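Q: Enclosed is the structure file model19.pdb (PDB, C-alpha atoms).
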ATOM      1  CA  MET A   1     -32.814-174.228 -38.462
ATOM      2  CA  GLN A   2     -33.415-170.733 -39.746
ATOM      3  CA  SER A   3     -30.516-168.501 -40.686
ATOM      4  CA  PHE A   4     -29.933-165.444 -38.535
ATOM      5  CA  ILE A   5     -31.170-163.025 -41.198
ATOM      6  CA  THR A   6     -34.242-165.092 -42.043
ATOM      7  CA  ARG A   7     -35.178-165.340 -38.379
ATOM      8  CA  LEU A   8     -34.591-161.630 -37.746
ATOM      9  CA  LEU A   9     -36.739-160.597 -40.711
ATOM     10  CA  SER A  10     -39.431-163.114 -39.759
ATOM     11  CA  ASN A  11     -39.469-161.727 -36.209
ATOM     12  CA  LEU A  12     -39.810-158.179 -37.546
ATOM     13  CA  GLU A  13     -42.812-159.253 -39.642
ATOM     14  CA  LYS A  14     -44.407-161.056 -36.685
ATOM     15  CA  ALA A  15     -43.814-158.110 -34.343
ATOM     16  CA  SER A  16     -45.277-155.714 -36.875
ATOM     17  CA  ALA A  17     -48.375-157.867 -37.323
ATOM     18  CA  LEU A  18     -48.835-158.230 -33.556
ATOM     19  CA  SER A  19     -48.374-154.515 -32.926
ATOM     20  CA  VAL A  20     -51.684-153.686 -34.620
ATOM     21  CA  GLN A  21     -53.396-155.543 -31.754
ATOM     22  CA  GLY A  22     -52.369-152.814 -29.291
ATOM     23  CA  ASN A  23     -50.782-153.780 -25.960
ATOM     24  CA  LYS A  24     -52.219-157.296 -25.980
ATOM     25  CA  TYR A  25     -48.975-158.853 -27.296
ATOM     26  CA  ARG A  26     -46.484-156.384 -25.796
ATOM     27  CA  MET A  27     -44.313-159.056 -24.118
ATOM     28  CA  GLU A  28     -44.184-161.249 -27.228
ATOM     29  CA  ILE A  29     -43.238-158.274 -29.408
ATOM     30  CA  ASP A  30     -40.435-157.368 -26.995
ATOM     31  CA  ARG A  31     -39.158-160.977 -27.079
ATOM     32  CA  LEU A  32     -39.264-161.102 -30.874
ATOM     33  CA  LEU A  33     -37.316-157.847 -31.119
ATOM     34  CA  LYS A  34     -34.532-158.812 -28.687
ATOM     35  CA  VAL A  35     -31.300-159.787 -30.469
ATOM     36  CA  VAL A  36     -28.421-161.305 -28.522
ATOM     37  CA  VAL A  37     -24.956-161.172 -30.105
ATOM     38  CA  VAL A  38     -22.513-163.464 -28.306
ATOM     39  CA  GLY A  39     -18.874-162.449 -28.613
ATOM     40  CA  GLY A  40     -17.228-159.071 -28.106
ATOM     41  CA  GLY A  41     -14.457-159.583 -30.640
ATOM     42  CA  PRO A  42     -14.262-157.720 -33.956
ATOM     43  CA  THR A  43     -17.059-159.774 -35.550
ATOM     44  CA  GLY A  44     -19.532-159.389 -32.678
ATOM     45  CA  VAL A  45     -18.780-155.691 -32.190
ATOM     46  CA  GLU A  46     -19.210-154.925 -35.887
ATOM     47  CA  LEU A  47     -22.382-157.012 -36.102
ATOM     48  CA  ALA A  48     -23.914-155.250 -33.078
ATOM     49  CA  ALA A  49     -23.082-151.827 -34.570
ATOM     50  CA  GLU A  50     -24.537-152.790 -37.967
ATOM     51  CA  LEU A  51     -27.692-154.157 -36.324
ATOM     52  CA  ALA A  52     -28.125-150.867 -34.464
ATOM     53  CA  ASP A  53     -27.775-148.926 -37.730
ATOM     54  CA  PHE A  54     -30.198-151.353 -39.419
ATOM     55  CA  ALA A  55     -32.751-150.817 -36.638
ATOM     56  CA  HIS A  56     -32.491-147.028 -36.635
ATOM     57  CA  ASN A  57     -32.519-146.637 -40.420
ATOM     58  CA  ASP A  58     -33.951-149.535 -42.432
ATOM     59  CA  VAL A  59     -36.378-150.938 -39.864
ATOM     60  CA  ALA A  60     -37.634-147.456 -39.006
ATOM     61  CA  LYS A  61     -38.387-146.809 -42.703
ATOM     62  CA  ARG A  62     -40.035-150.188 -43.344
ATOM     63  CA  TYR A  63     -41.891-150.838 -40.093
ATOM     64  CA  GLY A  64     -41.952-147.429 -38.404
ATOM     65  CA  THR A  65     -40.417-146.218 -35.185
ATOM     66  CA  ALA A  66     -43.011-148.081 -33.123
ATOM     67  CA  ILE A  67     -41.097-151.251 -34.072
ATOM     68  CA  SER A  68     -37.556-149.913 -34.562
ATOM     69  CA  ASP A  69     -37.520-148.179 -31.178
ATOM     70  CA  ARG A  70     -38.386-151.464 -29.449
ATOM     71  CA  ILE A  71     -35.494-153.453 -30.918
ATOM     72  CA  GLN A  72     -33.064-154.387 -28.167
ATOM     73  CA  ILE A  73     -29.541-155.480 -29.102
ATOM     74  CA  ILE A  74     -27.449-157.111 -26.390
ATOM     75  CA  LEU A  75     -23.732-157.751 -26.930
ATOM     76  CA  VAL A  76     -22.457-160.398 -24.507
ATOM     77  CA  GLU A  77     -18.729-160.866 -23.821
ATOM     78  CA  ALA A  78     -17.200-163.198 -21.228
ATOM     79  CA  MET A  79     -13.990-161.183 -20.932
ATOM     80  CA  PRO A  80     -13.878-158.026 -18.775
ATOM     81  CA  ARG A  81     -14.036-155.850 -21.918
ATOM     82  CA  ILE A  82     -14.894-156.091 -25.587
ATOM     83  CA  LEU A  83     -12.130-156.318 -28.196
ATOM     84  CA  ALA A  84      -9.857-157.987 -25.640
ATOM     85  CA  PRO A  85      -6.918-158.589 -28.031
ATOM     86  CA  PHE A  86      -6.792-154.882 -28.903
ATOM     87  CA  ASP A  87      -5.639-151.727 -27.139
ATOM     88  CA  SER A  88      -7.889-150.846 -24.204
ATOM     89  CA  LEU A  89      -8.468-147.289 -25.516
ATOM     90  CA  LEU A  90      -9.829-148.699 -28.776
ATOM     91  CA  ALA A  91     -12.084-151.045 -26.791
ATOM     92  CA  THR A  92     -13.401-148.142 -24.707
ATOM     93  CA  ILE A  93     -14.137-146.062 -27.820
ATOM     94  CA  ALA A  94     -15.945-149.005 -29.429
ATOM     95  CA  LYS A  95     -17.987-149.674 -26.280
ATOM     96  CA  ASP A  96     -18.966-146.002 -25.961
ATOM     97  CA  HIS A  97     -19.993-145.969 -29.631
ATOM     98  CA  LEU A  98     -22.147-149.082 -29.222
ATOM     99  CA  ILE A  99     -23.817-147.681 -26.113
ATOM    100  CA  SER A 100     -24.523-144.399 -27.950
ATOM    101  CA  LYS A 101     -26.284-146.472 -30.635
ATOM    102  CA  GLY A 102     -28.448-148.151 -27.988
ATOM    103  CA  VAL A 103     -26.592-151.462 -27.746
ATOM    104  CA  ASP A 104     -26.620-153.058 -24.275
ATOM    105  CA  VAL A 105     -22.972-154.109 -23.803
ATOM    106  CA  ARG A 106     -22.536-156.777 -21.118
ATOM    107  CA  THR A 107     -18.958-157.693 -20.341
ATOM    108  CA  GLY A 108     -17.857-160.274 -17.791
ATOM    109  CA  THR A 109     -20.952-162.227 -18.795
ATOM    110  CA  ALA A 110     -21.012-165.787 -20.097
ATOM    111  CA  VAL A 111     -23.712-167.635 -21.978
ATOM    112  CA  THR A 112     -24.392-170.833 -20.063
ATOM    113  CA  TYR A 113     -27.440-172.182 -21.872
ATOM    114  CA  VAL A 114     -29.441-171.451 -25.028
ATOM    115  CA  GLU A 115     -32.955-172.563 -25.960
ATOM    116  CA  GLU A 116     -35.055-171.562 -28.956
ATOM    117  CA  LYS A 117     -36.653-168.587 -27.189
ATOM    118  CA  ASP A 118     -34.311-167.817 -24.300
ATOM    119  CA  VAL A 119     -30.716-167.557 -23.201
ATOM    120  CA  THR A 120     -29.159-167.996 -19.762
ATOM    121  CA  LEU A 121     -26.418-165.524 -18.792
ATOM    122  CA  ALA A 122     -24.134-165.687 -15.762
ATOM    123  CA  PRO A 123     -21.107-163.775 -14.506
ATOM    124  CA  SER A 124     -18.057-165.285 -16.160
ATOM    125  CA  THR A 125     -15.455-166.913 -13.956
ATOM    126  CA  PRO A 126     -11.761-167.481 -14.590
ATOM    127  CA  ARG A 127     -10.703-170.978 -15.544
ATOM    128  CA  ASN A 128      -9.043-171.380 -12.148
ATOM    129  CA  ALA A 129     -12.179-170.304 -10.266
ATOM    130  CA  THR A 130     -12.852-171.991  -6.964
ATOM    131  CA  PRO A 131     -15.937-174.146  -6.537
ATOM    132  CA  GLU A 132     -17.414-171.349  -4.426
ATOM    133  CA  GLN A 133     -16.864-168.786  -7.204
ATOM    134  CA  LYS A 134     -18.435-171.125  -9.752
ATOM    135  CA  ALA A 135     -21.419-171.740  -7.464
ATOM    136  CA  ALA A 136     -21.879-167.992  -6.935
ATOM    137  CA  ALA A 137     -21.831-167.367 -10.690
ATOM    138  CA  LYS A 138     -24.333-170.168 -11.260
ATOM    139  CA  ALA A 139     -26.598-168.749  -8.542
ATOM    140  CA  ALA A 140     -26.451-165.313 -10.194
ATOM    141  CA  ALA A 141     -27.429-166.693 -13.618
ATOM    142  CA  GLU A 142     -30.515-165.201 -15.220
ATOM    143  CA  THR A 143     -32.570-166.429 -18.139
ATOM    144  CA  GLU A 144     -33.856-163.881 -20.639
ATOM    145  CA  GLU A 145     -36.302-164.356 -23.444
ATOM    146  CA  MET A 146     -35.040-163.386 -26.884
ATOM    147  CA  GLY A 147     -36.060-163.598 -30.503
ATOM    148  CA  THR A 148     -32.706-164.084 -32.186
ATOM    149  CA  LEU A 149     -29.236-165.130 -31.070
ATOM    150  CA  VAL A 150     -26.100-165.074 -33.173
ATOM    151  CA  TRP A 151     -22.871-166.693 -31.998
ATOM    152  CA  ALA A 152     -19.798-164.628 -32.927
ATOM    153  CA  ALA A 153     -17.591-165.739 -30.039
ATOM    154  CA  GLY A 154     -15.645-168.504 -31.684
ATOM    155  CA  ILE A 155     -14.500-171.492 -29.705
ATOM    156  CA  GLY A 156     -10.955-170.584 -28.695
ATOM    157  CA  ALA A 157      -8.103-168.154 -29.091
ATOM    158  CA  ARG A 158      -6.500-167.805 -32.508
ATOM    159  CA  PRO A 159      -3.040-169.408 -32.883
ATOM    160  CA  LEU A 160      -1.355-165.987 -33.078
ATOM    161  CA  VAL A 161      -3.014-164.855 -29.830
ATOM    162  CA  LYS A 162      -1.941-168.111 -28.131
ATOM    163  CA  ARG A 163       1.676-167.609 -29.237
ATOM    164  CA  LEU A 164       1.694-163.968 -28.110
ATOM    165  CA  ALA A 165       0.151-164.835 -24.746
ATOM    166  CA  LYS A 166       2.629-167.646 -24.195
ATOM    167  CA  SER A 167       5.576-165.392 -25.109
ATOM    168  CA  LEU A 168       4.319-162.892 -22.509
ATOM    169  CA  GLY A 169       4.127-165.605 -19.845
ATOM    170  CA  GLN A 170       0.341-165.510 -19.767
ATOM    171  CA  THR A 171      -1.467-168.748 -18.915
ATOM    172  CA  ASP A 172      -5.095-167.679 -19.422
ATOM    173  CA  MET A 173      -5.731-167.983 -23.160
ATOM    174  CA  ARG A 174      -9.099-166.190 -23.255
ATOM    175  CA  GLY A 175      -7.516-163.075 -24.778
ATOM    176  CA  LEU A 176      -4.429-160.972 -24.244
ATOM    177  CA  LYS A 177      -4.269-159.187 -20.911
ATOM    178  CA  ASP A 178      -3.336-155.505 -20.568
ATOM    179  CA  ARG A 179       0.190-155.007 -19.357
ATOM    180  CA  VAL A 180       1.812-151.715 -18.407
ATOM    181  CA  SER A 181       5.545-151.835 -18.858
ATOM    182  CA  THR A 182       7.354-150.172 -15.963
ATOM    183  CA  SER A 183      10.559-150.012 -17.997
ATOM    184  CA  CYS A 184       8.935-147.410 -20.272
ATOM    185  CA  MET A 185       7.913-145.087 -17.444
TER
END
Using the file provided, produce a representation of the structure as structure tokens.

A:
Amino acid sequence: MQSFITRLLSNLEKASALSVQGNKYRMEIDRLLKVVVVGGGPTGVELAAELADFAHNDVAKRYGTAISDRIQIILVEAMPRILAPFDSLLATIAKDHLISKGVDVRTGTAVTYVEEKDVTLAPSTPRNATPEQKAAAKAAAETEEMGTLVWAAGIGARPLVKRLAKSLGQTDMRGLKDRVSTSCM
């Protein structure tokens, strides 16, 4: 299994080589240059931002804008917003920044299946979703071709987040929920 960086650089080389053939390999070049980052926490958000900077600066210098402009970075987050454990204003600023850099930010989206060259994405459902809600999400799933996927989502909430959520009476442990205190108003 190739490392993320090795695969990304290999895909850039392949896309560059194919691009001299004109439009003949357009779809393959687009697949090679699509990077999916799974996880909208601090690691995934920072990685997506760094990849965007890498594409606009380093890739543009090495391979030209014909390649760098075609790189597509998709940040996928199952929660309703990125940076769920943090203040919602910070999350909004981060999302706006990523979008301004050309990152496709998809919240409320879960990865349901991964193959070597494609990923299946579906609307995320709460853990207490009804069978009908789960069926609707499954029916809405779409498979996209991609060149590289990096998993930055983790596998569960950190112990501190679990303790905080429990102390707030929250039962869903997929991140801290926004709460507006009426006693402060």

Q: Go ahead and compute the interatomic distance for CA of Asp87 (chain A) and CA of Thr171 (chain A), in Å to one decimal.

A: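 Here the two named atoms are 19.4 Å from each other.
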
Q: Would you please work out which residue, of A:Ile99, A:Pro85, A:Glu13, A:Ala78, is nearest to Val59 (chain A) when using all atoms listed in the file?

A: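 The answer is A:Glu13, which sits nearest to Val59 (chain A).
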
Q: List every protein, DNA or RNA residue with an atom no more than 12 Å from (-23.8, -170.8, -23.0) in the file's coordinates, counting all atoms listed in the file, and format the result as an mmCIF file with C-alpha atoms, in the frame of the given file.

A:
data_model
loop_
_atom_site.group_PDB
_atom_site.id
_atom_site.type_symbol
_atom_site.label_atom_id
_atom_site.label_comp_id
_atom_site.auth_asym_id
_atom_site.auth_seq_id
_atom_site.Cartn_x
_atom_site.Cartn_y
_atom_site.Cartn_z
ATOM 1 C CA VAL A 36 -28.421 -161.305 -28.522
ATOM 2 C CA VAL A 38 -22.513 -163.464 -28.306
ATOM 3 C CA GLY A 39 -18.874 -162.449 -28.613
ATOM 4 C CA VAL A 76 -22.457 -160.398 -24.507
ATOM 5 C CA GLU A 77 -18.729 -160.866 -23.821
ATOM 6 C CA ALA A 78 -17.200 -163.198 -21.228
ATOM 7 C CA THR A 109 -20.952 -162.227 -18.795
ATOM 8 C CA ALA A 110 -21.012 -165.787 -20.097
ATOM 9 C CA VAL A 111 -23.712 -167.635 -21.978
ATOM 10 C CA THR A 112 -24.392 -170.833 -20.063
ATOM 11 C CA TYR A 113 -27.440 -172.182 -21.872
ATOM 12 C CA VAL A 114 -29.441 -171.451 -25.028
ATOM 13 C CA GLU A 115 -32.955 -172.563 -25.960
ATOM 14 C CA ASP A 118 -34.311 -167.817 -24.300
ATOM 15 C CA VAL A 119 -30.716 -167.557 -23.201
ATOM 16 C CA THR A 120 -29.159 -167.996 -19.762
ATOM 17 C CA LEU A 121 -26.418 -165.524 -18.792
ATOM 18 C CA ALA A 122 -24.134 -165.687 -15.762
ATOM 19 C CA PRO A 123 -21.107 -163.775 -14.506
ATOM 20 C CA SER A 124 -18.057 -165.285 -16.160
ATOM 21 C CA LYS A 138 -24.333 -170.168 -11.260
ATOM 22 C CA ALA A 141 -27.429 -166.693 -13.618
ATOM 23 C CA GLU A 142 -30.515 -165.201 -15.220
ATOM 24 C CA THR A 143 -32.570 -166.429 -18.139
ATOM 25 C CA LEU A 149 -29.236 -165.130 -31.070
ATOM 26 C CA VAL A 150 -26.100 -165.074 -33.173
ATOM 27 C CA TRP A 151 -22.871 -166.693 -31.998
ATOM 28 C CA ALA A 153 -17.591 -165.739 -30.039
ATOM 29 C CA ILE A 155 -14.500 -171.492 -29.705
#

Q: Quick one: apply the PyMOL selection byres ((chain A and resi 8) around 10) to the file and drop the selected residues here as a list in words.

A: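 Residues picked by the PyMOL selection byres ((chain A and resi 8) around 10): Gln2, Ser3, Phe4, Ile5, Thr6, Arg7, Leu9, Ser10, Asn11, Leu12, Glu13, Lys14, Leu32, Leu33, Lys34, Val35, Gly147, Thr148 and Leu149 of chain A.
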
Q: Extract, using only C-alpha atoms, all DNA, RNA and protein residues at most 8 Å from region 70-75 of chain A, discarding same-chain residues fewer than 6 positions from it, and format them as a list in words.

A: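 The residues that qualify are Asp30, Leu33, Lys34, Val35, Val36, Val37, Val38, Gly39, Gly40, Gly44, Val45, Ala48, Leu51, Ala52, Ala55, Gly102, Val103, Asp104, Val105 and Arg106 of chain A.
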
Q: Let me make sure I understand: among A:Gln170, A:Gly41, A:Ala129, A:Glu50, which one has the smallest atom-to-atom distance to Ala91 (chain A) if we use only C-alpha atoms?

A: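 So, comparing all the options, the nearest one is A:Gly41.
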
Q: Record the distance separating CA of Arg81 (chain A) and CA of Leu98 (chain A), expressed in Å with one decimal.

A: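 One can read the CA of Arg81 (chain A) to CA of Leu98 (chain A) distance as 12.8 Å.
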
Q: Point out the residue among A:Ala66, A:Leu18, A:Leu47, A:Leu164 with the least atom-to-atom distance to Ala152 (chain A), counting all atoms listed in the file.

A: A:Leu47

Q: Rounded to one decimal in Å, what is the spacing between CA of Ala15 (chain A) and CA of Asp58 (chain A)?

A: 15.4 Å

Q: Between A:Ala137, A:Asn57, A:Lys117, A:Ala49, which is the closest to Lys95 (chain A) once you count only C-alpha atoms?

A: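 Of A:Ala137, A:Asn57, A:Lys117, A:Ala49, the one nearest Lys95 (chain A) is A:Ala49, counting only C-alpha atoms.
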